[in-house]
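Have a look at input_12.pdb below; it lists PDB, C-alpha atoms, pLDDT in the B column.
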```pdb
ATOM      1  CA  MET A   1      -6.292  13.064  19.728  1.00 88.00           C
ATOM      2  CA  ILE A   2      -2.845  12.922  21.343  1.00 91.00           C
ATOM      3  CA  TYR A   3      -2.299   9.442  19.911  1.00 94.00           C
ATOM      4  CA  ARG A   4      -3.259  10.658  16.437  1.00 94.00           C
ATOM      5  CA  ILE A   5      -0.850  13.588  16.674  1.00 95.00           C
ATOM      6  CA  VAL A   6       1.944  11.082  17.359  1.00 96.00           C
ATOM      7  CA  LEU A   7       0.685   8.907  14.496  1.00 96.00           C
ATOM      8  CA  CYS A   8       0.770  11.866  12.089  1.00 97.00           C
ATOM      9  CA  CYS A   9       4.337  12.685  13.125  1.00 96.00           C
ATOM     10  CA  VAL A  10       5.522   9.099  12.609  1.00 96.00           C
ATOM     11  CA  ALA A  11       3.611   8.764   9.320  1.00 96.00           C
ATOM     12  CA  GLY A  12       5.052  12.115   8.191  1.00 95.00           C
ATOM     13  CA  LEU A  13       8.577  10.880   8.913  1.00 92.00           C
ATOM     14  CA  ALA A  14       7.879   7.661   6.998  1.00 93.00           C
ATOM     15  CA  THR A  15       6.569   9.702   4.065  1.00 92.00           C
ATOM     16  CA  LEU A  16       9.658  11.930   4.071  1.00 88.00           C
ATOM     17  CA  LEU A  17      11.994   8.952   4.211  1.00 86.00           C
ATOM     18  CA  SER A  18      10.101   7.229   1.392  1.00 86.00           C
ATOM     19  CA  PHE A  19      11.556   9.779  -1.034  1.00 81.00           C
ATOM     20  CA  ARG A  20      15.006   8.535  -0.008  1.00 69.00           C
ATOM     21  CA  PHE A  21      16.527  11.928   0.703  1.00 60.00           C
ATOM     22  CA  PHE A  22      18.913  10.015   2.915  1.00 53.00           C
ATOM     23  CA  TYR A  23      19.482   6.353   3.550  1.00 49.00           C
ATOM     24  CA  ASN A  24      21.500   4.026   5.719  1.00 45.00           C
ATOM     25  CA  VAL A  25      24.668   2.613   4.188  1.00 40.00           C
ATOM     26  CA  TYR A  26      25.404  -0.856   5.515  1.00 39.00           C
ATOM     27  CA  THR A  27      29.096  -0.442   6.255  1.00 39.00           C
ATOM     28  CA  ASN A  28      31.026  -1.774   9.207  1.00 42.00           C
ATOM     29  CA  ASP A  29      30.387   1.378  11.225  1.00 43.00           C
ATOM     30  CA  SER A  30      26.795   1.686   9.912  1.00 45.00           C
ATOM     31  CA  THR A  31      27.315   5.314   8.857  1.00 46.00           C
ATOM     32  CA  TRP A  32      24.698   7.558   7.281  1.00 46.00           C
ATOM     33  CA  ASP A  33      25.018   8.893   3.762  1.00 48.00           C
ATOM     34  CA  PHE A  34      23.041  11.811   2.365  1.00 47.00           C
ATOM     35  CA  VAL A  35      21.771  12.524  -1.124  1.00 47.00           C
ATOM     36  CA  LYS A  36      23.861  15.470  -2.306  1.00 43.00           C
ATOM     37  CA  GLY A  37      21.180  17.133  -4.393  1.00 46.00           C
ATOM     38  CA  VAL A  38      17.951  16.721  -6.311  1.00 46.00           C
ATOM     39  CA  SER A  39      19.917  15.483  -9.315  1.00 43.00           C
ATOM     40  CA  ASP A  40      20.971  12.448  -7.269  1.00 46.00           C
ATOM     41  CA  LEU A  41      17.344  11.411  -6.729  1.00 52.00           C
ATOM     42  CA  ASN A  42      15.398   9.170  -9.086  1.00 58.00           C
ATOM     43  CA  LEU A  43      11.823   7.995  -9.457  1.00 66.00           C
ATOM     44  CA  ASN A  44      12.390   4.496  -8.112  1.00 77.00           C
ATOM     45  CA  PHE A  45      10.426   5.355  -4.967  1.00 80.00           C
ATOM     46  CA  LEU A  46       7.270   5.501  -7.126  1.00 85.00           C
ATOM     47  CA  LYS A  47       7.287   1.748  -7.730  1.00 90.00           C
ATOM     48  CA  TYR A  48       7.316   0.528  -4.133  1.00 92.00           C
ATOM     49  CA  TYR A  49       4.072  -0.613  -2.528  1.00 94.00           C
ATOM     50  CA  THR A  50       5.552   0.303   0.863  1.00 94.00           C
ATOM     51  CA  ASN A  51       5.900   3.951  -0.097  1.00 93.00           C
ATOM     52  CA  ILE A  52       2.446   4.219  -1.680  1.00 95.00           C
ATOM     53  CA  SER A  53       0.760   2.635   1.341  1.00 96.00           C
ATOM     54  CA  ASN A  54       2.612   4.992   3.692  1.00 96.00           C
ATOM     55  CA  TRP A  55       1.544   8.031   1.668  1.00 96.00           C
ATOM     56  CA  LEU A  56      -2.051   6.880   2.092  1.00 96.00           C
ATOM     57  CA  VAL A  57      -1.499   6.403   5.824  1.00 97.00           C
ATOM     58  CA  PHE A  58      -0.164   9.944   6.174  1.00 97.00           C
ATOM     59  CA  GLY A  59      -2.978  11.520   4.135  1.00 97.00           C
ATOM     60  CA  VAL A  60      -5.730   9.630   5.957  1.00 97.00           C
ATOM     61  CA  SER A  61      -4.121  10.263   9.355  1.00 97.00           C
ATOM     62  CA  VAL A  62      -4.025  14.018   8.751  1.00 96.00           C
ATOM     63  CA  ALA A  63      -7.682  14.034   7.644  1.00 95.00           C
ATOM     64  CA  VAL A  64      -8.785  11.988  10.668  1.00 95.00           C
ATOM     65  CA  LEU A  65      -6.752  14.117  13.088  1.00 94.00           C
ATOM     66  CA  ALA A  66      -8.207  17.347  11.678  1.00 93.00           C
ATOM     67  CA  ASP A  67     -11.719  15.977  12.170  1.00 91.00           C
ATOM     68  CA  ASN A  68     -10.769  14.692  15.633  1.00 90.00           C
ATOM     69  CA  VAL A  69      -9.561  18.148  16.707  1.00 90.00           C
ATOM     70  CA  LYS A  70     -12.741  19.717  15.336  1.00 88.00           C
ATOM     71  CA  ARG A  71     -14.925  17.301  17.307  1.00 85.00           C
ATOM     72  CA  VAL A  72     -12.982  17.715  20.541  1.00 84.00           C
ATOM     73  CA  ARG A  73     -13.227  21.494  20.255  1.00 86.00           C
ATOM     74  CA  ALA A  74     -16.978  21.075  19.759  1.00 84.00           C
ATOM     75  CA  GLY A  75     -17.163  19.185  23.049  1.00 84.00           C
ATOM     76  CA  GLU A  76     -17.278  15.608  21.789  1.00 80.00           C
ATOM     77  CA  LYS A  77     -15.607  13.196  24.193  1.00 76.00           C
ATOM     78  CA  TYR A  78     -14.499  10.369  21.914  1.00 73.00           C
ATOM     79  CA  GLY A  79     -13.651  11.957  18.559  1.00 69.00           C
ATOM     80  CA  HIS A  80     -14.513   8.855  16.521  1.00 75.00           C
ATOM     81  CA  ASN A  81     -13.578   8.948  12.860  1.00 78.00           C
ATOM     82  CA  ARG A  82     -16.404  10.210  10.662  1.00 81.00           C
ATOM     83  CA  VAL A  83     -14.650  11.667   7.627  1.00 86.00           C
ATOM     84  CA  VAL A  84     -13.283   8.791   5.515  1.00 90.00           C
ATOM     85  CA  PRO A  85     -14.359   5.487   7.143  1.00 92.00           C
ATOM     86  CA  ALA A  86     -14.142   3.341   4.002  1.00 95.00           C
ATOM     87  CA  LEU A  87     -10.815   4.824   2.902  1.00 96.00           C
ATOM     88  CA  LYS A  88      -9.410   4.456   6.424  1.00 96.00           C
ATOM     89  CA  PHE A  89     -10.386   0.786   6.498  1.00 96.00           C
ATOM     90  CA  MET A  90      -8.889   0.179   3.039  1.00 96.00           C
ATOM     91  CA  THR A  91      -5.670   1.884   4.131  1.00 97.00           C
ATOM     92  CA  THR A  92      -5.580  -0.173   7.338  1.00 97.00           C
ATOM     93  CA  VAL A  93      -5.645  -3.387   5.299  1.00 97.00           C
ATOM     94  CA  MET A  94      -2.968  -2.070   2.924  1.00 96.00           C
ATOM     95  CA  ILE A  95      -0.549  -1.017   5.648  1.00 97.00           C
ATOM     96  CA  ALA A  96      -1.143  -4.218   7.637  1.00 97.00           C
ATOM     97  CA  VAL A  97       0.036  -6.154   4.578  1.00 96.00           C
ATOM     98  CA  THR A  98       3.077  -3.863   4.340  1.00 95.00           C
ATOM     99  CA  PHE A  99       4.095  -4.869   7.864  1.00 95.00           C
ATOM    100  CA  LEU A 100       3.318  -8.579   7.451  1.00 95.00           C
ATOM    101  CA  VAL A 101       5.068  -9.041   4.087  1.00 93.00           C
ATOM    102  CA  TYR A 102       8.167  -7.157   5.201  1.00 92.00           C
ATOM    103  CA  SER A 103       8.417  -9.037   8.490  1.00 92.00           C
ATOM    104  CA  THR A 104       7.829 -12.501   7.016  1.00 91.00           C
ATOM    105  CA  MET A 105       8.959 -12.518   3.379  1.00 89.00           C
ATOM    106  CA  LEU A 106      11.472  -9.702   2.933  1.00 86.00           C
ATOM    107  CA  GLU A 107      13.301  -9.361   6.257  1.00 88.00           C
ATOM    108  CA  ASN A 108      13.837 -11.244   9.502  1.00 88.00           C
ATOM    109  CA  PRO A 109      12.861  -9.347  12.682  1.00 89.00           C
ATOM    110  CA  PHE A 110      15.310 -11.496  14.640  1.00 88.00           C
ATOM    111  CA  THR A 111      18.331  -9.938  12.910  1.00 87.00           C
ATOM    112  CA  ILE A 112      20.165  -6.673  13.611  1.00 85.00           C
ATOM    113  CA  ARG A 113      19.640  -5.566  10.014  1.00 82.00           C
ATOM    114  CA  TYR A 114      15.874  -5.421  10.596  1.00 84.00           C
ATOM    115  CA  TRP A 115      16.217  -2.906  13.448  1.00 85.00           C
ATOM    116  CA  ARG A 116      19.013  -0.568  12.383  1.00 78.00           C
ATOM    117  CA  ASN A 117      17.552   1.121   9.310  1.00 80.00           C
ATOM    118  CA  LEU A 118      15.387   4.177  10.074  1.00 83.00           C
ATOM    119  CA  TYR A 119      13.582   4.075   6.722  1.00 84.00           C
ATOM    120  CA  ASN A 120      12.607   0.418   7.083  1.00 87.00           C
ATOM    121  CA  LEU A 121      11.527   0.809  10.695  1.00 91.00           C
ATOM    122  CA  SER A 122       9.435   3.916   9.985  1.00 93.00           C
ATOM    123  CA  CYS A 123       7.731   2.641   6.817  1.00 93.00           C
ATOM    124  CA  HIS A 124       7.438  -1.062   7.607  1.00 94.00           C
ATOM    125  CA  VAL A 125       6.985  -1.180  11.387  1.00 95.00           C
ATOM    126  CA  PHE A 126       6.208   2.024  13.314  1.00 96.00           C
ATOM    127  CA  SER A 127       3.764   3.658  10.886  1.00 97.00           C
ATOM    128  CA  PRO A 128       1.883   0.395  10.101  1.00 97.00           C
ATOM    129  CA  VAL A 129       1.595  -0.721  13.727  1.00 97.00           C
ATOM    130  CA  LEU A 130       0.428   2.684  14.962  1.00 97.00           C
ATOM    131  CA  PHE A 131      -2.139   2.992  12.169  1.00 97.00           C
ATOM    132  CA  VAL A 132      -3.592  -0.491  12.738  1.00 97.00           C
ATOM    133  CA  LEU A 133      -3.743   0.163  16.488  1.00 96.00           C
ATOM    134  CA  ASP A 134      -5.592   3.406  15.798  1.00 95.00           C
ATOM    135  CA  PHE A 135      -8.276   1.374  14.026  1.00 94.00           C
ATOM    136  CA  MET A 136      -8.396  -1.224  16.800  1.00 93.00           C
ATOM    137  CA  LEU A 137      -8.346   1.150  19.767  1.00 91.00           C
ATOM    138  CA  PHE A 138     -10.048   4.369  18.719  1.00 90.00           C
ATOM    139  CA  ASP A 139     -12.427   3.749  15.823  1.00 89.00           C
ATOM    140  CA  GLU A 140     -16.075   3.280  16.676  1.00 85.00           C
ATOM    141  CA  HIS A 141     -17.203  -0.347  16.568  1.00 84.00           C
ATOM    142  CA  ARG A 142     -19.917  -1.801  14.322  1.00 87.00           C
ATOM    143  CA  THR A 143     -19.330   0.806  11.611  1.00 89.00           C
ATOM    144  CA  VAL A 144     -17.381  -1.268   9.050  1.00 93.00           C
ATOM    145  CA  LYS A 145     -19.621  -2.370   6.185  1.00 94.00           C
ATOM    146  CA  VAL A 146     -19.504  -5.958   4.973  1.00 94.00           C
ATOM    147  CA  TYR A 147     -18.232  -4.849   1.555  1.00 96.00           C
ATOM    148  CA  TYR A 148     -15.317  -2.757   2.892  1.00 97.00           C
ATOM    149  CA  PRO A 149     -12.852  -5.696   2.654  1.00 97.00           C
ATOM    150  CA  VAL A 150     -13.754  -6.044  -1.034  1.00 97.00           C
ATOM    151  CA  LEU A 151     -13.124  -2.329  -1.527  1.00 96.00           C
ATOM    152  CA  GLY A 152      -9.762  -2.950   0.111  1.00 95.00           C
ATOM    153  CA  LEU A 153      -8.709  -4.885  -2.992  1.00 96.00           C
ATOM    154  CA  ILE A 154      -8.942  -1.827  -5.257  1.00 95.00           C
ATOM    155  CA  PHE A 155      -5.608  -0.162  -4.425  1.00 95.00           C
ATOM    156  CA  PRO A 156      -3.528  -3.392  -4.283  1.00 95.00           C
ATOM    157  CA  LEU A 157      -4.897  -4.631  -7.632  1.00 95.00           C
ATOM    158  CA  ILE A 158      -4.236  -1.237  -9.230  1.00 96.00           C
ATOM    159  CA  TYR A 159      -0.702  -1.431  -7.859  1.00 96.00           C
ATOM    160  CA  PHE A 160      -0.111  -4.960  -9.198  1.00 95.00           C
ATOM    161  CA  PHE A 161      -1.263  -3.996 -12.706  1.00 94.00           C
ATOM    162  CA  TYR A 162       0.696  -0.732 -12.517  1.00 94.00           C
ATOM    163  CA  ILE A 163       3.937  -2.622 -11.827  1.00 94.00           C
ATOM    164  CA  LEU A 164       3.240  -5.217 -14.528  1.00 93.00           C
ATOM    165  CA  LEU A 165       2.538  -2.402 -16.999  1.00 93.00           C
ATOM    166  CA  LEU A 166       5.807  -0.685 -16.108  1.00 92.00           C
ATOM    167  CA  GLY A 167       7.629  -3.981 -16.557  1.00 92.00           C
ATOM    168  CA  ALA A 168       6.073  -4.486 -19.991  1.00 91.00           C
ATOM    169  CA  CYS A 169       6.848  -0.939 -21.179  1.00 91.00           C
ATOM    170  CA  ILE A 170      10.290  -0.229 -19.701  1.00 89.00           C
ATOM    171  CA  PRO A 171      13.289  -2.210 -20.989  1.00 89.00           C
ATOM    172  CA  ASP A 172      15.367  -3.895 -18.273  1.00 88.00           C
ATOM    173  CA  PHE A 173      12.835  -2.849 -15.650  1.00 91.00           C
ATOM    174  CA  LYS A 174      13.915  -3.782 -12.135  1.00 91.00           C
ATOM    175  CA  TYR A 175      10.924  -5.174 -10.296  1.00 93.00           C
ATOM    176  CA  PRO A 176      10.542  -3.868  -6.728  1.00 91.00           C
ATOM    177  CA  TYR A 177       9.656  -7.282  -5.265  1.00 92.00           C
ATOM    178  CA  PHE A 178      10.850 -10.727  -6.304  1.00 91.00           C
ATOM    179  CA  PHE A 179       7.304 -12.176  -6.424  1.00 91.00           C
ATOM    180  CA  LEU A 180       6.341  -9.668  -9.166  1.00 93.00           C
ATOM    181  CA  ASP A 181       9.307 -10.416 -11.426  1.00 94.00           C
ATOM    182  CA  VAL A 182       7.648 -11.770 -14.593  1.00 94.00           C
ATOM    183  CA  ASP A 183      11.005 -11.806 -16.388  1.00 93.00           C
ATOM    184  CA  LYS A 184      12.206 -14.456 -13.945  1.00 93.00           C
ATOM    185  CA  TYR A 185       9.028 -16.370 -13.121  1.00 94.00           C
ATOM    186  CA  GLY A 186       6.659 -15.642 -16.021  1.00 94.00           C
ATOM    187  CA  TYR A 187       3.153 -14.200 -16.011  1.00 94.00           C
ATOM    188  CA  GLY A 188       1.574 -17.492 -14.953  1.00 95.00           C
ATOM    189  CA  ILE A 189       3.502 -17.836 -11.686  1.00 96.00           C
ATOM    190  CA  VAL A 190       3.241 -14.125 -10.915  1.00 95.00           C
ATOM    191  CA  GLY A 191      -0.491 -14.264 -11.666  1.00 95.00           C
ATOM    192  CA  LEU A 192      -0.922 -17.092  -9.171  1.00 96.00           C
ATOM    193  CA  GLY A 193       1.028 -15.032  -6.662  1.00 94.00           C
ATOM    194  CA  VAL A 194      -1.259 -12.057  -7.242  1.00 95.00           C
ATOM    195  CA  LEU A 195      -4.282 -14.307  -6.662  1.00 96.00           C
ATOM    196  CA  ALA A 196      -2.721 -15.534  -3.419  1.00 95.00           C
ATOM    197  CA  PHE A 197      -2.108 -11.970  -2.295  1.00 95.00           C
ATOM    198  CA  THR A 198      -5.671 -11.042  -3.241  1.00 95.00           C
ATOM    199  CA  ALA A 199      -6.954 -13.850  -1.027  1.00 96.00           C
ATOM    200  CA  GLY A 200      -4.629 -12.652   1.749  1.00 95.00           C
ATOM    201  CA  PHE A 201      -5.987  -9.106   1.506  1.00 96.00           C
ATOM    202  CA  LEU A 202      -9.540 -10.447   1.738  1.00 97.00           C
ATOM    203  CA  ILE A 203      -8.715 -12.600   4.762  1.00 97.00           C
ATOM    204  CA  ILE A 204      -7.078  -9.702   6.603  1.00 97.00           C
ATOM    205  CA  GLY A 205      -9.956  -7.412   5.625  1.00 96.00           C
ATOM    206  CA  TYR A 206     -12.616  -9.764   6.952  1.00 97.00           C
ATOM    207  CA  LEU A 207     -10.645 -10.464  10.135  1.00 96.00           C
ATOM    208  CA  LEU A 208     -10.646  -6.702  10.773  1.00 96.00           C
ATOM    209  CA  TRP A 209     -14.349  -6.619   9.877  1.00 95.00           C
ATOM    210  CA  LEU A 210     -15.009  -9.308  12.507  1.00 94.00           C
ATOM    211  CA  TYR A 211     -12.921  -7.393  15.033  1.00 94.00           C
ATOM    212  CA  ASP A 212     -15.111  -4.372  14.362  1.00 92.00           C
ATOM    213  CA  LYS A 213     -18.140  -6.417  15.454  1.00 91.00           C
ATOM    214  CA  LEU A 214     -16.487  -7.574  18.688  1.00 87.00           C
ATOM    215  CA  ILE A 215     -17.827  -5.792  21.781  1.00 82.00           C
ATOM    216  CA  LYS A 216     -17.958  -6.539  25.491  1.00 74.00           C
ATOM    217  CA  VAL A 217     -21.443  -7.411  26.776  1.00 76.00           C
ATOM    218  CA  ASN A 218     -21.936  -8.166  30.465  1.00 74.00           C
ATOM    219  CA  GLY A 219     -18.246  -8.863  30.902  1.00 75.00           C
ATOM    220  CA  LYS A 220     -18.032 -11.229  27.909  1.00 81.00           C
ATOM    221  CA  TRP A 221     -16.777 -10.570  24.394  1.00 80.00           C
ATOM    222  CA  LYS A 222     -19.394 -11.163  21.703  1.00 82.00           C
ATOM    223  CA  LEU A 223     -19.723 -10.635  17.955  1.00 81.00           C
ATOM    224  CA  VAL A 224     -22.575  -8.195  17.390  1.00 78.00           C
ATOM    225  CA  PHE A 225     -23.502  -7.372  13.801  1.00 78.00           C
ATOM    226  CA  SER A 226     -26.478  -5.073  14.390  1.00 71.00           C
ATOM    227  CA  ARG A 227     -25.918  -1.317  14.605  1.00 67.00           C
ATOM    228  CA  SER A 228     -29.118  -0.991  16.626  1.00 63.00           C
ATOM    229  CA  PHE A 229     -27.891  -3.301  19.391  1.00 61.00           C
ATOM    230  CA  GLN A 230     -27.993  -1.702  22.846  1.00 59.00           C
ATOM    231  CA  ARG A 231     -25.738  -2.915  25.653  1.00 55.00           C
TER     232      ARG A 231
END
```

Conversion result in structure tokens:
Amino acid sequence: MIYRIVLCCVAGLATLLSFRFFYNVYTNDSTWDFVKGVSDLNLNFLKYYTNISNWLVFGVSVAVLADNVKRVRAGEKYGHNRVVPALKFMTTVMIAVTFLVYSTMLENPFTIRYWRNLYNLSCHVFSPVLFVLDFMLFDEHRTVKVYYPVLGLIFPLIYFFYILLLGACIPDFKYPYFFLDVDKYGYGIVGLGVLAFTAGFLIIGYLLWLYDKLIKVNGKWKLVFSRSFQR
């Protein structure tokens, strides 16, 4: 429960920063600049996968924490998640991709730039890592259904088509990520990229599904797929 309170605070900060009320200006002294008013804001934050995945993390984290508190107050020792298991798994896959893509394709963790921006750290590193660890450390094992990784494709595919639709309808649309830029690469190349990402989501989903089946039996780690298995 304490861990999930911390997670909700970090995810809440990431959600707040996703609206870009303030941002880091990369000057020599690395000063902070603030949006002067609502009129200075725009709707660009609505097109970033990072922001959408972090909003899901915050919403799911609050729901899980509320249920956790309820169970602890009722005397339950572990407080395993019971409210939105499928949605929590789907969100775990989404936010894991947020971390992996940012750290491998968009930025270099071995540079100062990676570590000095509060928005990037909150949305791409702290919130994703804490949420994935919550799944790995505190969720009950052998509860993830075999079709959950397939369900995990729903939100990413909706997002991909949402961005392509915006690009087709809005003149001079600025794509949020280079690999979705159909104006530069064409629908064929972008489509292949989407297929590659779809395969990546499935791989990550089924790796987490396998992890869910991993339990310690007589001092050895084993994959156990039966819910009725007794240690």

Leaving out Leu195 of chain A and any residue of its chain fewer than 4 positions from it, which residues lie within 12 Å of it when counting only C-alpha atoms, given as a PyMOL selection string?
-> chain A and resi 153+156-157+160+179-180+187-191+199-202

Apply the PyMOL selection byres ((chain A and resi 99) around 10) to the file shown and report the selected residues as a ChimeraX atom specification.
-> /A:50,94-98,100-104,121,123-129

Hey, can you spit out that residue selection with C-alpha atoms as a JSON list (two decimals), keeping the file's coordinate frame?
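result_6.json written:
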```json
[["chain", "number", "residue", "atom", "x", "y", "z"],
["A", 50, "THR", "CA", 5.55, 0.30, 0.86],
["A", 94, "MET", "CA", -2.97, -2.07, 2.92],
["A", 95, "ILE", "CA", -0.55, -1.02, 5.65],
["A", 96, "ALA", "CA", -1.14, -4.22, 7.64],
["A", 97, "VAL", "CA", 0.04, -6.15, 4.58],
["A", 98, "THR", "CA", 3.08, -3.86, 4.34],
["A", 100, "LEU", "CA", 3.32, -8.58, 7.45],
["A", 101, "VAL", "CA", 5.07, -9.04, 4.09],
["A", 102, "TYR", "CA", 8.17, -7.16, 5.20],
["A", 103, "SER", "CA", 8.42, -9.04, 8.49],
["A", 104, "THR", "CA", 7.83, -12.50, 7.02],
["A", 121, "LEU", "CA", 11.53, 0.81, 10.70],
["A", 123, "CYS", "CA", 7.73, 2.64, 6.82],
["A", 124, "HIS", "CA", 7.44, -1.06, 7.61],
["A", 125, "VAL", "CA", 6.98, -1.18, 11.39],
["A", 126, "PHE", "CA", 6.21, 2.02, 13.31],
["A", 127, "SER", "CA", 3.76, 3.66, 10.89],
["A", 128, "PRO", "CA", 1.88, 0.40, 10.10],
["A", 129, "VAL", "CA", 1.60, -0.72, 13.73]]
```

Atom CA of Lys213 of chain A and atom CA of Thr143 of chain A are how many Å apart?
-> 8.3 Å

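Residues in contact range of segment 137-141 of chain A, defined as at most 6 Å between only C-alpha atoms, with sequence neighbours fewer than 3 positions away removed, read His80, Leu133, Asp134 and Asp212 of chain A.
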
Ground truth for the PyMOL selection byres ((chain A and resi 63) around 12), written as a VMD selection string | chain A and resid 4 to 5 7 to 8 56 to 62 64 to 70 81 to 85 87 to 88

I need the residue set behind the PyMOL selection byres ((chain A and resi 146) around 12) for this file; please write it as a PyMOL selection string.
-> chain A and resi 86+89+142-145+147-152+202+205-210+212-213+225-226

Output file for the residues above (C-alpha atoms, as a JSON list (two decimals), in the coordinates of the input):
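Saved to out.json:
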```json
[["chain", "number", "residue", "atom", "x", "y", "z"],
["A", 86, "ALA", "CA", -14.14, 3.34, 4.00],
["A", 89, "PHE", "CA", -10.39, 0.79, 6.50],
["A", 142, "ARG", "CA", -19.92, -1.80, 14.32],
["A", 143, "THR", "CA", -19.33, 0.81, 11.61],
["A", 144, "VAL", "CA", -17.38, -1.27, 9.05],
["A", 145, "LYS", "CA", -19.62, -2.37, 6.18],
["A", 147, "TYR", "CA", -18.23, -4.85, 1.56],
["A", 148, "TYR", "CA", -15.32, -2.76, 2.89],
["A", 149, "PRO", "CA", -12.85, -5.70, 2.65],
["A", 150, "VAL", "CA", -13.75, -6.04, -1.03],
["A", 151, "LEU", "CA", -13.12, -2.33, -1.53],
["A", 152, "GLY", "CA", -9.76, -2.95, 0.11],
["A", 202, "LEU", "CA", -9.54, -10.45, 1.74],
["A", 205, "GLY", "CA", -9.96, -7.41, 5.62],
["A", 206, "TYR", "CA", -12.62, -9.76, 6.95],
["A", 207, "LEU", "CA", -10.64, -10.46, 10.14],
["A", 208, "LEU", "CA", -10.65, -6.70, 10.77],
["A", 209, "TRP", "CA", -14.35, -6.62, 9.88],
["A", 210, "LEU", "CA", -15.01, -9.31, 12.51],
["A", 212, "ASP", "CA", -15.11, -4.37, 14.36],
["A", 213, "LYS", "CA", -18.14, -6.42, 15.45],
["A", 225, "PHE", "CA", -23.50, -7.37, 13.80],
["A", 226, "SER", "CA", -26.48, -5.07, 14.39]]
```

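Coordinates place atom CA of Met105 of chain A at a distance of 24.2 Å from atom CA of Asp172 of chain A.
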
Compile the contact shell of Lys174 of chain A as a PyMOL selection string: residues with an atom at most 12 Å away, counting all atoms listed in the file, same-chain residues fewer than 2 positions apart removed.
-> chain A and resi 44+47-48+163-164+166-172+176-178+180-184
